[in-house]
file structure.cif (mmCIF, C-alpha atoms)
data_coords
#
loop_
_atom_site.label_atom_id
_atom_site.label_comp_id
_atom_site.auth_asym_id
_atom_site.auth_seq_id
_atom_site.Cartn_x
_atom_site.Cartn_y
_atom_site.Cartn_z
CA MET E 235 -7.61 -11.23 17.10
CA LEU E 236 -8.79 -14.10 14.90
CA ARG E 237 -9.14 -16.47 17.83
CA LEU E 238 -8.25 -19.57 15.80
CA LYS E 239 -7.00 -22.55 17.82
CA THR E 240 -4.43 -23.75 15.29
CA THR E 241 -2.11 -22.21 12.77
CA THR E 242 -1.96 -23.63 9.27
CA ASP E 243 0.68 -26.25 8.51
CA PRO E 244 3.41 -24.55 6.39
CA ALA E 245 3.08 -27.48 3.95
CA TRP E 246 -0.29 -26.02 2.92
CA VAL E 247 1.37 -22.92 1.46
CA ASP E 248 3.77 -25.00 -0.64
CA ARG E 249 0.89 -27.14 -1.84
CA ALA E 250 -1.24 -24.10 -2.67
CA ILE E 251 1.57 -22.38 -4.57
CA ALA E 252 2.25 -25.60 -6.51
CA HIS E 253 -1.44 -25.72 -7.52
CA LEU E 254 -2.35 -22.07 -7.92
CA ASP E 255 -4.87 -22.92 -10.64
CA GLU E 256 -6.91 -24.99 -8.23
CA VAL E 257 -6.53 -22.51 -5.38
CA LEU E 258 -7.80 -19.64 -7.52
CA VAL E 259 -10.83 -21.56 -8.79
CA ASP E 260 -11.60 -22.71 -5.25
CA HIS E 261 -11.15 -19.18 -3.95
CA ALA E 262 -13.64 -17.81 -6.48
CA HIS E 263 -16.18 -20.41 -5.37
CA CYS E 264 -15.51 -19.46 -1.72
CA GLU E 265 -16.32 -15.81 -2.37
CA LYS E 266 -19.54 -16.79 -4.14
CA LYS E 267 -20.48 -19.12 -1.27
CA ALA E 268 -19.74 -16.41 1.29
CA ALA E 269 -22.12 -14.06 -0.52
CA SER E 270 -24.72 -16.80 -0.70
CA MET E 271 -24.40 -17.53 3.02
CA ALA E 272 -25.02 -13.86 3.86
CA LEU E 273 -28.10 -13.88 1.63
CA THR E 274 -29.33 -17.10 3.23
CA LEU E 275 -29.19 -15.42 6.64
CA MET E 276 -31.06 -12.40 5.27
CA PHE E 277 -33.82 -14.67 3.95
CA ARG E 278 -33.97 -16.73 7.14
CA TYR E 279 -34.13 -13.80 9.57
CA PRO E 280 -35.98 -10.88 7.91
CA GLU E 281 -37.24 -9.72 11.29
CA ARG E 282 -33.67 -9.33 12.64
CA GLY E 283 -33.25 -5.80 11.35
CA ALA E 284 -29.71 -5.45 12.70
CA LEU E 285 -28.49 -8.19 10.37
CA LEU E 286 -29.92 -7.00 7.08
CA ARG E 287 -27.89 -4.00 6.03
CA PRO E 288 -24.46 -5.28 7.19
CA LEU E 289 -25.04 -8.68 5.57
CA SER E 290 -26.22 -7.07 2.35
CA ALA E 291 -23.09 -4.91 2.20
CA LEU E 292 -20.94 -7.94 3.04
CA ALA E 293 -22.58 -9.95 0.25
CA ARG E 294 -21.87 -7.14 -2.21
CA GLU E 295 -18.23 -7.09 -1.19
CA GLU E 296 -17.90 -10.87 -1.54
CA MET E 297 -19.41 -10.67 -5.04
CA GLN E 298 -16.90 -7.99 -5.94
CA HIS E 299 -14.09 -10.22 -4.70
CA PHE E 300 -15.55 -13.06 -6.76
CA GLU E 301 -15.29 -10.86 -9.85
CA GLN E 302 -11.72 -9.90 -8.94
CA VAL E 303 -10.66 -13.53 -8.53
CA LEU E 304 -12.29 -14.25 -11.92
CA ASP E 305 -10.10 -11.50 -13.39
CA HIS E 306 -6.99 -13.27 -12.11
CA ILE E 307 -8.31 -16.64 -13.30
CA GLU E 308 -8.97 -15.33 -16.81
CA ALA E 309 -5.71 -13.36 -16.99
CA ARG E 310 -3.90 -16.65 -16.37
CA GLY E 311 -5.87 -18.53 -18.99
CA ILE E 312 -7.37 -20.80 -16.32
CA ARG E 313 -10.87 -22.12 -16.97
CA PHE E 314 -13.30 -21.44 -14.17
CA ARG E 315 -15.13 -24.68 -13.49
CA ARG E 316 -17.25 -26.58 -11.06
CA ILE E 317 -15.12 -28.29 -8.38
CA GLY E 318 -16.25 -30.45 -5.53
CA THR E 319 -16.42 -28.73 -2.19
CA GLY E 320 -13.53 -29.58 0.07
CA GLY E 321 -15.98 -30.37 2.89
CA TYR E 322 -14.58 -27.78 5.30
CA ALA E 323 -17.65 -25.55 5.62
CA ALA E 324 -20.13 -28.44 5.67
CA ARG E 325 -18.21 -30.15 8.48
CA LEU E 326 -17.75 -26.91 10.38
CA LEU E 327 -21.47 -26.14 10.18
CA LYS E 328 -22.27 -29.45 11.88
CA ALA E 329 -21.51 -27.53 15.09
CA VAL E 330 -24.63 -25.42 14.52
CA ARG E 331 -27.41 -26.28 16.96
CA THR E 332 -30.84 -26.78 15.41
CA ALA E 333 -33.11 -24.82 17.77
CA GLU E 334 -33.42 -21.04 17.45
CA PRO E 335 -31.97 -18.71 18.54
CA ALA E 336 -28.92 -20.97 19.11
CA ARG E 337 -28.95 -21.78 15.41
CA LEU E 338 -28.51 -18.11 14.51
CA LEU E 339 -25.74 -17.57 17.05
CA ASP E 340 -23.81 -20.64 15.92
CA THR E 341 -24.23 -19.83 12.24
CA LEU E 342 -22.91 -16.29 12.75
CA LEU E 343 -19.91 -17.67 14.65
CA CYS E 344 -19.18 -20.35 12.05
CA CYS E 345 -19.21 -17.61 9.42
CA ALA E 346 -16.84 -15.60 11.63
CA VAL E 347 -14.46 -18.55 11.92
CA ILE E 348 -14.52 -19.25 8.16
CA GLU E 349 -13.60 -15.62 7.52
CA ALA E 350 -10.85 -15.84 10.15
CA ARG E 351 -9.35 -18.94 8.56
CA SER E 352 -9.59 -17.35 5.09
CA CYS E 353 -7.78 -14.33 6.48
CA GLU E 354 -4.99 -16.46 7.95
CA ARG E 355 -4.59 -18.40 4.70
CA MET E 356 -4.59 -15.33 2.50
CA LYS E 357 -1.84 -13.84 4.65
CA LEU E 358 0.18 -17.02 4.15
CA LEU E 359 -0.47 -16.87 0.41
CA ALA E 360 0.50 -13.21 0.23
CA GLU E 361 3.79 -13.96 2.01
CA GLY E 362 4.48 -17.20 0.16
CA LEU E 363 3.78 -15.67 -3.23
CA ALA E 364 5.85 -12.53 -2.64
CA GLU E 365 8.87 -13.94 -4.47
CA HIS E 366 7.00 -16.12 -6.98
CA ASP E 367 4.19 -13.88 -8.10
CA ALA E 368 4.21 -10.26 -6.96
CA GLU E 369 0.86 -9.45 -8.57
CA LEU E 370 -1.06 -12.26 -6.90
CA SER E 371 0.76 -11.59 -3.63
CA ARG E 372 -0.45 -7.98 -3.73
CA PHE E 373 -3.97 -9.17 -4.51
CA TYR E 374 -4.06 -11.44 -1.46
CA ARG E 375 -2.52 -8.78 0.75
CA GLY E 376 -5.30 -6.45 -0.40
CA LEU E 377 -8.00 -8.96 0.55
CA LEU E 378 -6.67 -9.56 4.08
CA ALA E 379 -8.22 -6.44 5.53
CA SER E 380 -11.65 -7.34 4.15
CA GLU E 381 -11.53 -10.86 5.52
CA ALA E 382 -10.52 -9.58 8.96
CA ARG E 383 -13.33 -7.01 8.78
CA HIS E 384 -15.85 -9.70 7.81
CA HIS E 385 -14.68 -11.86 10.71
CA ALA E 386 -15.16 -8.95 13.10
CA LEU E 387 -18.56 -8.11 11.60
CA TYR E 388 -19.94 -11.59 12.26
CA VAL E 389 -18.66 -11.52 15.86
CA ASP E 390 -20.08 -8.01 16.34
CA LEU E 391 -23.49 -9.12 15.04
CA ALA E 392 -23.45 -12.03 17.48
CA ASP E 393 -22.47 -9.68 20.33
CA HIS E 394 -25.27 -7.32 19.35
CA LEU E 395 -27.94 -10.04 19.42
CA PHE E 396 -26.71 -12.33 22.20
CA ASP E 397 -25.16 -12.25 25.64
CA ARG E 398 -21.45 -11.51 25.22
CA ALA E 399 -20.32 -14.21 27.66
CA GLU E 400 -22.35 -16.78 25.74
CA VAL E 401 -20.88 -15.54 22.46
CA ARG E 402 -17.34 -15.99 23.82
CA ARG E 403 -18.15 -19.47 25.11
CA ARG E 404 -19.66 -20.63 21.80
CA LEU E 405 -16.92 -18.98 19.77
CA ASP E 406 -14.36 -20.87 21.81
CA ALA E 407 -16.20 -24.17 21.26
CA ILE E 408 -16.62 -23.54 17.53
CA CYS E 409 -12.95 -22.59 17.14
CA ALA E 410 -11.99 -25.86 18.86
CA HIS E 411 -14.33 -27.74 16.50
CA GLU E 412 -12.79 -25.93 13.52
CA ALA E 413 -9.31 -27.06 14.53
CA THR E 414 -10.54 -30.68 14.56
CA VAL E 415 -12.30 -30.32 11.20
CA LEU E 416 -9.16 -28.91 9.61
CA ALA E 417 -6.93 -31.60 11.14
CA GLU E 418 -9.20 -34.33 9.76
CA LEU E 419 -9.48 -33.01 6.20
CA PRO E 420 -7.25 -34.66 3.60
CA PRO E 421 -4.46 -32.33 2.42
CA THR E 422 -5.62 -30.48 -0.70
CA ALA E 423 -4.77 -27.28 -2.57
CA ARG E 424 -7.94 -25.55 -1.41
CA MET E 425 -8.40 -22.35 0.53
CA HIS E 426 -9.58 -24.51 3.43
CA GLY E 427 -7.80 -27.76 2.46
CA MET K 73 -38.78 -2.25 -25.62
CA LEU K 74 -40.05 -4.24 -22.63
CA ARG K 75 -42.10 -6.56 -24.83
CA LEU K 76 -44.83 -7.11 -22.22
CA LYS K 77 -48.17 -8.28 -23.57
CA THR K 78 -50.35 -6.31 -21.18
CA THR K 79 -50.22 -2.99 -19.42
CA THR K 80 -51.00 -2.79 -15.73
CA ASP K 81 -54.56 -1.98 -14.68
CA PRO K 82 -54.58 1.63 -13.40
CA ALA K 83 -56.38 0.32 -10.30
CA TRP K 84 -53.08 -1.24 -9.24
CA VAL K 85 -51.44 2.18 -8.82
CA ASP K 86 -54.26 3.41 -6.59
CA ARG K 87 -54.05 0.22 -4.53
CA ALA K 88 -50.29 0.48 -4.22
CA ILE K 89 -50.38 4.13 -3.18
CA ALA K 90 -53.07 3.34 -0.60
CA HIS K 91 -50.82 0.61 0.87
CA LEU K 92 -47.34 2.03 0.45
CA ASP K 93 -46.14 0.23 3.59
CA GLU K 94 -46.87 -3.13 2.06
CA VAL K 95 -45.51 -2.14 -1.35
CA LEU K 96 -42.20 -1.01 0.16
CA VAL K 97 -41.74 -4.17 2.22
CA ASP K 98 -42.64 -6.30 -0.79
CA HIS K 99 -40.29 -4.28 -2.98
CA ALA K 100 -37.38 -4.85 -0.56
CA HIS K 101 -38.05 -8.59 -0.67
CA CYS K 102 -38.17 -8.44 -4.49
CA GLU K 103 -34.71 -6.86 -4.67
CA LYS K 104 -33.34 -9.52 -2.34
CA LYS K 105 -34.97 -12.27 -4.39
CA ALA K 106 -33.61 -10.80 -7.62
CA ALA K 107 -30.08 -10.92 -6.17
CA SER K 108 -30.66 -14.47 -5.00
CA MET K 109 -31.90 -15.54 -8.43
CA ALA K 110 -28.74 -14.19 -10.07
CA LEU K 111 -26.63 -16.08 -7.52
CA THR K 112 -28.63 -19.25 -8.12
CA LEU K 113 -27.82 -19.04 -11.83
CA MET K 114 -24.13 -18.49 -11.02
CA PHE K 115 -24.12 -21.61 -8.85
CA ARG K 116 -26.05 -23.67 -11.38
CA TYR K 117 -23.94 -22.75 -14.44
CA PRO K 118 -20.32 -22.18 -13.32
CA GLU K 119 -19.06 -23.36 -16.71
CA ARG K 120 -21.08 -20.65 -18.53
CA GLY K 121 -18.35 -18.04 -18.22
CA ALA K 122 -20.37 -15.37 -20.05
CA LEU K 123 -22.99 -15.36 -17.29
CA LEU K 124 -20.79 -15.00 -14.24
CA ARG K 125 -19.50 -11.46 -14.24
CA PRO K 126 -22.71 -9.76 -15.47
CA LEU K 127 -24.86 -11.72 -13.00
CA SER K 128 -22.47 -10.95 -10.14
CA ALA K 129 -22.61 -7.24 -10.93
CA LEU K 130 -26.40 -7.43 -11.25
CA ALA K 131 -26.66 -9.17 -7.86
CA ARG K 132 -24.55 -6.42 -6.29
CA GLU K 133 -26.82 -3.78 -7.74
CA GLU K 134 -29.96 -5.56 -6.50
CA MET K 135 -28.46 -5.76 -2.99
CA GLN K 136 -27.74 -2.05 -3.12
CA HIS K 137 -31.34 -1.38 -4.11
CA PHE K 138 -32.45 -3.62 -1.25
CA GLU K 139 -30.48 -1.41 1.14
CA GLN K 140 -31.98 1.72 -0.41
CA VAL K 141 -35.53 0.41 -0.04
CA LEU K 142 -34.69 -0.44 3.59
CA ASP K 143 -33.65 3.20 4.06
CA HIS K 144 -37.08 4.35 2.88
CA ILE K 145 -38.80 1.71 5.02
CA GLU K 146 -36.93 2.80 8.14
CA ALA K 147 -37.30 6.51 7.44
CA ARG K 148 -41.07 5.96 7.42
CA GLY K 149 -41.06 3.99 10.65
CA ILE K 150 -42.28 0.85 8.85
CA ARG K 151 -41.12 -2.48 10.22
CA PHE K 152 -39.47 -4.73 7.67
CA ARG K 153 -41.03 -8.14 8.05
CA ARG K 154 -41.57 -11.48 6.45
CA ILE K 155 -44.53 -11.43 4.05
CA GLY K 156 -45.89 -14.26 1.98
CA THR K 157 -44.85 -14.25 -1.66
CA GLY K 158 -47.57 -13.01 -3.95
CA GLY K 159 -47.08 -16.07 -6.17
CA TYR K 160 -46.17 -14.11 -9.31
CA ALA K 161 -42.61 -15.35 -9.77
CA ALA K 162 -43.41 -18.94 -8.79
CA ARG K 163 -46.26 -19.08 -11.31
CA LEU K 164 -44.24 -17.38 -14.00
CA LEU K 165 -41.36 -19.82 -13.54
CA LYS K 166 -43.70 -22.73 -14.24
CA ALA K 167 -43.05 -21.86 -17.89
CA VAL K 168 -39.44 -23.00 -17.48
CA ARG K 169 -38.76 -26.29 -19.27
CA THR K 170 -36.89 -28.89 -17.22
CA ALA K 171 -34.30 -30.16 -19.71
CA GLU K 172 -31.10 -28.20 -20.28
CA PRO K 173 -30.24 -26.00 -22.09
CA ALA K 174 -33.93 -25.04 -22.47
CA ARG K 175 -34.09 -24.57 -18.70
CA LEU K 176 -31.35 -21.96 -18.80
CA LEU K 177 -32.90 -20.09 -21.72
CA ASP K 178 -36.34 -20.03 -20.12
CA THR K 179 -34.99 -18.96 -16.73
CA LEU K 180 -33.05 -16.07 -18.27
CA LEU K 181 -36.18 -14.95 -20.12
CA CYS K 182 -38.41 -15.24 -17.05
CA CYS K 183 -35.90 -13.06 -15.20
CA ALA K 184 -36.00 -10.61 -18.11
CA VAL K 185 -39.80 -10.46 -17.96
CA ILE K 186 -39.84 -9.97 -14.17
CA GLU K 187 -37.44 -7.05 -14.58
CA ALA K 188 -39.60 -5.64 -17.38
CA ARG K 189 -42.75 -5.82 -15.27
CA SER K 190 -40.93 -4.25 -12.32
CA CYS K 191 -39.78 -1.47 -14.62
CA GLU K 192 -43.35 -0.84 -15.85
CA ARG K 193 -44.70 -0.80 -12.29
CA MET K 194 -41.99 1.47 -10.94
CA LYS K 195 -42.75 3.93 -13.73
CA LEU K 196 -46.42 3.87 -12.71
CA LEU K 197 -45.43 4.37 -9.06
CA ALA K 198 -43.08 7.24 -9.94
CA GLU K 199 -45.89 8.96 -11.86
CA GLY K 200 -48.62 8.15 -9.37
CA LEU K 201 -46.55 9.30 -6.42
CA ALA K 202 -45.39 12.57 -8.02
CA GLU K 203 -48.11 14.60 -6.29
CA HIS K 204 -48.37 12.54 -3.10
CA ASP K 205 -44.78 11.86 -2.22
CA ALA K 206 -42.09 13.61 -4.21
CA GLU K 207 -39.23 11.82 -2.45
CA LEU K 208 -40.50 8.32 -3.13
CA SER K 209 -41.48 9.31 -6.66
CA ARG K 210 -37.89 10.41 -7.31
CA PHE K 211 -36.61 7.15 -5.83
CA TYR K 212 -38.74 5.06 -8.18
CA ARG K 213 -37.83 7.21 -11.14
CA GLY K 214 -34.18 6.61 -10.29
CA LEU K 215 -34.66 2.84 -10.23
CA LEU K 216 -36.38 2.68 -13.63
CA ALA K 217 -33.17 2.85 -15.61
CA SER K 218 -31.63 -0.03 -13.64
CA GLU K 219 -34.67 -2.23 -14.09
CA ALA K 220 -34.71 -1.58 -17.84
CA ARG K 221 -30.97 -2.32 -17.96
CA HIS K 222 -31.46 -5.58 -16.04
CA HIS K 223 -34.23 -6.60 -18.43
CA ALA K 224 -31.94 -5.93 -21.40
CA LEU K 225 -29.06 -7.77 -19.74
CA TYR K 226 -31.06 -10.97 -19.34
CA VAL K 227 -32.23 -10.82 -22.96
CA ASP K 228 -28.66 -10.09 -24.13
CA LEU K 229 -27.32 -13.07 -22.16
CA ALA K 230 -29.96 -15.29 -23.79
CA ASP K 231 -29.05 -13.91 -27.24
CA HIS K 232 -25.38 -14.55 -26.53
CA LEU K 233 -25.94 -18.18 -25.60
CA PHE K 234 -28.83 -19.20 -27.86
CA ASP K 235 -30.14 -18.78 -31.37
CA ARG K 236 -31.73 -15.35 -31.63
CA ALA K 237 -34.85 -16.58 -33.43
CA GLU K 238 -35.41 -19.16 -30.70
CA VAL K 239 -34.90 -16.47 -28.05
CA ARG K 240 -37.55 -14.26 -29.68
CA ARG K 241 -39.98 -17.18 -29.95
CA ARG K 242 -39.58 -18.19 -26.29
CA LEU K 243 -39.66 -14.59 -25.08
CA ASP K 244 -42.95 -14.15 -26.91
CA ALA K 245 -44.38 -17.31 -25.31
CA ILE K 246 -43.16 -16.35 -21.83
CA CYS K 247 -44.58 -12.84 -22.16
CA ALA K 248 -47.95 -14.34 -23.11
CA HIS K 249 -47.71 -16.65 -20.10
CA GLU K 250 -46.84 -13.69 -17.88
CA ALA K 251 -49.95 -11.83 -18.99
CA THR K 252 -52.07 -14.84 -17.99
CA VAL K 253 -50.30 -15.19 -14.63
CA LEU K 254 -50.88 -11.52 -13.84
CA ALA K 255 -54.53 -11.66 -14.90
CA GLU K 256 -55.16 -14.63 -12.62
CA LEU K 257 -53.49 -13.22 -9.49
CA PRO K 258 -55.80 -11.75 -6.87
CA PRO K 259 -55.49 -7.93 -6.66
CA THR K 260 -52.94 -7.06 -3.98
CA ALA K 261 -50.68 -4.14 -3.08
CA ARG K 262 -47.57 -5.94 -4.25
CA MET K 263 -45.00 -4.99 -6.86
CA HIS K 264 -46.36 -7.85 -8.94
CA GLY K 265 -49.86 -8.05 -7.41
#

call {"tool": "encode", "arguments": {"input": "structure.cif", "output": "structure tokens"}}
result
Amino acid sequence: MLRLKTTTDPAWVDRAIAHLDEVLVDHAHCEKKAASMALTLMFRYPERGALLRPLSALAREEMQHFEQVLDHIEARGIRFRRIGTGGYAARLLKAVRTAEPARLLDTLLCCAVIEARSCERMKLLAEGLAEHDAELSRFYRGLLASEARHHALYVDLADHLFDRAEVRRRLDAICAHEATVLAELPPTARMHG
Amino acid sequence: MLRLKTTTDPAWVDRAIAHLDEVLVDHAHCEKKAASMALTLMFRYPERGALLRPLSALAREEMQHFEQVLDHIEARGIRFRRIGTGGYAARLLKAVRTAEPARLLDTLLCCAVIEARSCERMKLLAEGLAEHDAELSRFYRGLLASEARHHALYVDLADHLFDRAEVRRRLDAICAHEATVLAELPPTARMHG
């Protein structure tokens, strides 16, 4: 369903679990950035009525997840802090064409792919943490459904606004690009590291 | 409680009621911008833990209001569209000093004043619309409490982070500046026109 071209290296899960502090802080930033991205689209395309309400609801949900991750961060005595971006999203978004309406289509599909990868990684975290940290495992299992729903929402919005065959073609190309981006990133304990 | 230096010219209410289409579209944009401003502060000050959760919750509430205004816009067959900013917020924010932490204090207080002015105007709309449009009047009456709460939240955040006497002094200066900004704006059918 998620259409990703690669599955995450199992070494990522070990790395993430060994550096949960960093993963949680990065995850909180990811939720905030996801909300911000939805808002950016709402500002950029006010005349695209079909986008506004779903993206607004999505942004609200991402903000709520941000607050939930903060709860876990604080409960563990971790200090939320500024951390450099891992570069994943910025590199992925280089696939976005500059002319409209291609720019809109590609941006929606990049958002879809980011949500898909988050979903895959949260599933791995939920499974990997099951024996180490039941509470956090449950938290990530709970988020999976939302991430999958957000992935589907972005693809549905693209299907609603563009020719479905074109959407499939671009989604395939962007998924291939995402696999390259991920393979080229240095190994880090980030959600998309 | 709202500490504004001027009350709105009654002519504004007549103008707004005569151009409800424009007021509603502008109002929707205002809610979106208010959410975006809260997010901007969250991105700019990740290390200010006291800001994060309240601003995230505020952003969620502004997005929800955005969706509610969209409901009214659509129910009336109005097309949501891009409209130029009225210039109110941009001019108001010129009062923000550039060096930190003064920049943070001033931004919080400008946000507080914007919420206060919105609250005053929504009250006027609720009253002015009572005979013309009971449904919209009820809607604006319902939003009043949130706007007043958002105003108080921004002042409380400033009080939490800064010396209270300094907060009062700057709030007084920014309210005086706001009165000048409003007096100099051309009369329009905008929330802050």

call {"tool": "resolve_selection", "arguments": {"input": "structure.cif", "expression": "the PyMOL selection byres ((chain E) within 12 of (chain K))", "output": "count of residues only"}}
result
54

call {"tool": "atom_distance", "arguments": {"input": "structure.cif", "atom1": "CA of Lys328 in chain E", "atom2": "CA of Thr341 in chain E"}}
result
9.8 Å

call {"tool": "residues_around", "arguments": {"input": "structure.cif", "residues": "range 394-406 of chain E", "least_positions_apart": "6", "cutoff": "8 Å", "atoms": "all atoms listed in the file", "output": "number ranges by chain"}}
result
E: 237, 339-340, 343

call {"tool": "atom_distance", "arguments": {"input": "structure.cif", "atom1": "CA of Gly311 in chain E", "atom2": "CA of Leu370 in chain E"}}
result
14.4 Å

call {"tool": "atom_distance", "arguments": {"input": "structure.cif", "atom1": "CA of Lys195 in chain K", "atom2": "CA of Ala167 in chain K"}}
result
26.1 Å

call {"tool": "resolve_selection", "arguments": {"input": "structure.cif", "expression": "the PyMOL selection byres ((chain E and resi 410) around 12)", "output": "ChimeraX atom specification"}}
result
/E:237-240,326,329,344,347,403-409,411-417

call {"tool": "axis_aligned_box", "arguments": {"input": "structure.cif", "around": "range 361-380 of chain E", "padding_each_side": "5 Å", "output": "JSON"}}
result
{"center_x": -1.4, "center_y": -11.8, "center_z": -1.5, "size_x": 30.5, "size_y": 20.8, "size_z": 24.1}

call {"tool": "resolve_selection", "arguments": {"input": "structure.cif", "expression": "the PyMOL selection byres ((chain E and resi 353) around 9)", "output": "PyMOL selection string"}}
result
chain E and resi 236+348-352+354-358+377-382+385

call {"tool": "closest_residue", "arguments": {"input": "structure.cif", "among": "K:Arg87, K:Ala261, K:Thr157, K:Cys183", "to": "Ala224 in chain K", "atoms": "all atoms listed in the file"}}
result
K:Cys183

call {"tool": "residues_around", "arguments": {"input": "structure.cif", "residues": "Ala360 in chain E", "least_positions_apart": "2", "cutoff": "7 Å", "atoms": "all atoms listed in the file", "output": "list in words"}}
result
Met356, Lys357, Leu358, Gly362, Leu363, Ala364, Ser371, Arg372, Tyr374 and Arg375 of chain E

call {"tool": "residues_around", "arguments": {"input": "structure.cif", "residues": "Val85 in chain K", "least_positions_apart": "3", "cutoff": "8 Å", "atoms": "all atoms listed in the file", "output": "ChimeraX atom specification"}}
result
/K:81-82,88-89,196-197,200

call {"tool": "decode", "arguments": {"input": "structure.cif", "residues": "range 161-208 of chain K", "atoms": "C-alpha atoms", "output": "JSON list (two decimals), in the first residue's frame"}}
result
[["chain", "number", "residue", "atom", "x", "y", "z"],
["K", 161, "ALA", "CA", -0.36, 42.97, 10.83],
["K", 162, "ALA", "CA", 2.68, 43.91, 8.75],
["K", 163, "ARG", "CA", 2.53, 47.51, 9.98],
["K", 164, "LEU", "CA", 1.88, 46.47, 13.55],
["K", 165, "LEU", "CA", 4.86, 44.11, 13.52],
["K", 166, "LYS", "CA", 7.16, 46.98, 12.58],
["K", 167, "ALA", "CA", 7.12, 47.72, 16.32],
["K", 168, "VAL", "CA", 9.05, 44.49, 16.93],
["K", 169, "ARG", "CA", 12.66, 45.15, 17.94],
["K", 170, "THR", "CA", 15.26, 43.08, 16.08],
["K", 171, "ALA", "CA", 17.56, 41.95, 18.90],
["K", 172, "GLU", "CA", 16.61, 38.97, 21.05],
["K", 173, "PRO", "CA", 15.04, 38.55, 23.54],
["K", 174, "ALA", "CA", 13.25, 41.86, 22.83],
["K", 175, "ARG", "CA", 12.12, 40.42, 19.50],
["K", 176, "LEU", "CA", 10.35, 37.55, 21.23],
["K", 177, "LEU", "CA", 8.67, 39.80, 23.79],
["K", 178, "ASP", "CA", 7.47, 42.25, 21.16],
["K", 179, "THR", "CA", 6.21, 39.50, 18.86],
["K", 180, "LEU", "CA", 4.22, 37.88, 21.67],
["K", 181, "LEU", "CA", 2.67, 41.25, 22.52],
["K", 182, "CYS", "CA", 1.85, 42.08, 18.89],
["K", 183, "CYS", "CA", 0.10, 38.71, 18.67],
["K", 184, "ALA", "CA", -1.76, 39.56, 21.88],
["K", 185, "VAL", "CA", -2.89, 42.89, 20.45],
["K", 186, "ILE", "CA", -4.02, 41.33, 17.15],
["K", 187, "GLU", "CA", -6.12, 38.84, 19.11],
["K", 188, "ALA", "CA", -7.53, 41.67, 21.23],
["K", 189, "ARG", "CA", -8.52, 43.69, 18.18],
["K", 190, "SER", "CA", -10.06, 40.60, 16.57],
["K", 191, "CYS", "CA", -12.02, 40.02, 19.75],
["K", 192, "GLU", "CA", -13.31, 43.62, 19.78],
["K", 193, "ARG", "CA", -14.30, 43.42, 16.10],
["K", 194, "MET", "CA", -16.01, 40.05, 16.42],
["K", 195, "LYS", "CA", -18.06, 41.43, 19.29],
["K", 196, "LEU", "CA", -19.12, 44.34, 17.07],
["K", 197, "LEU", "CA", -19.97, 41.91, 14.27],
["K", 198, "ALA", "CA", -21.95, 39.66, 16.61],
["K", 199, "GLU", "CA", -23.97, 42.67, 17.80],
["K", 200, "GLY", "CA", -24.33, 44.27, 14.39],
["K", 201, "LEU", "CA", -25.40, 41.03, 12.75],
["K", 202, "ALA", "CA", -27.94, 40.08, 15.44],
["K", 203, "GLU", "CA", -30.86, 41.49, 13.45],
["K", 204, "HIS", "CA", -29.51, 40.79, 9.96],
["K", 205, "ASP", "CA", -28.10, 37.32, 10.25],
["K", 206, "ALA", "CA", -28.75, 35.40, 13.45],
["K", 207, "GLU", "CA", -26.62, 32.43, 12.40],
["K", 208, "LEU", "CA", -23.50, 34.43, 11.67]]
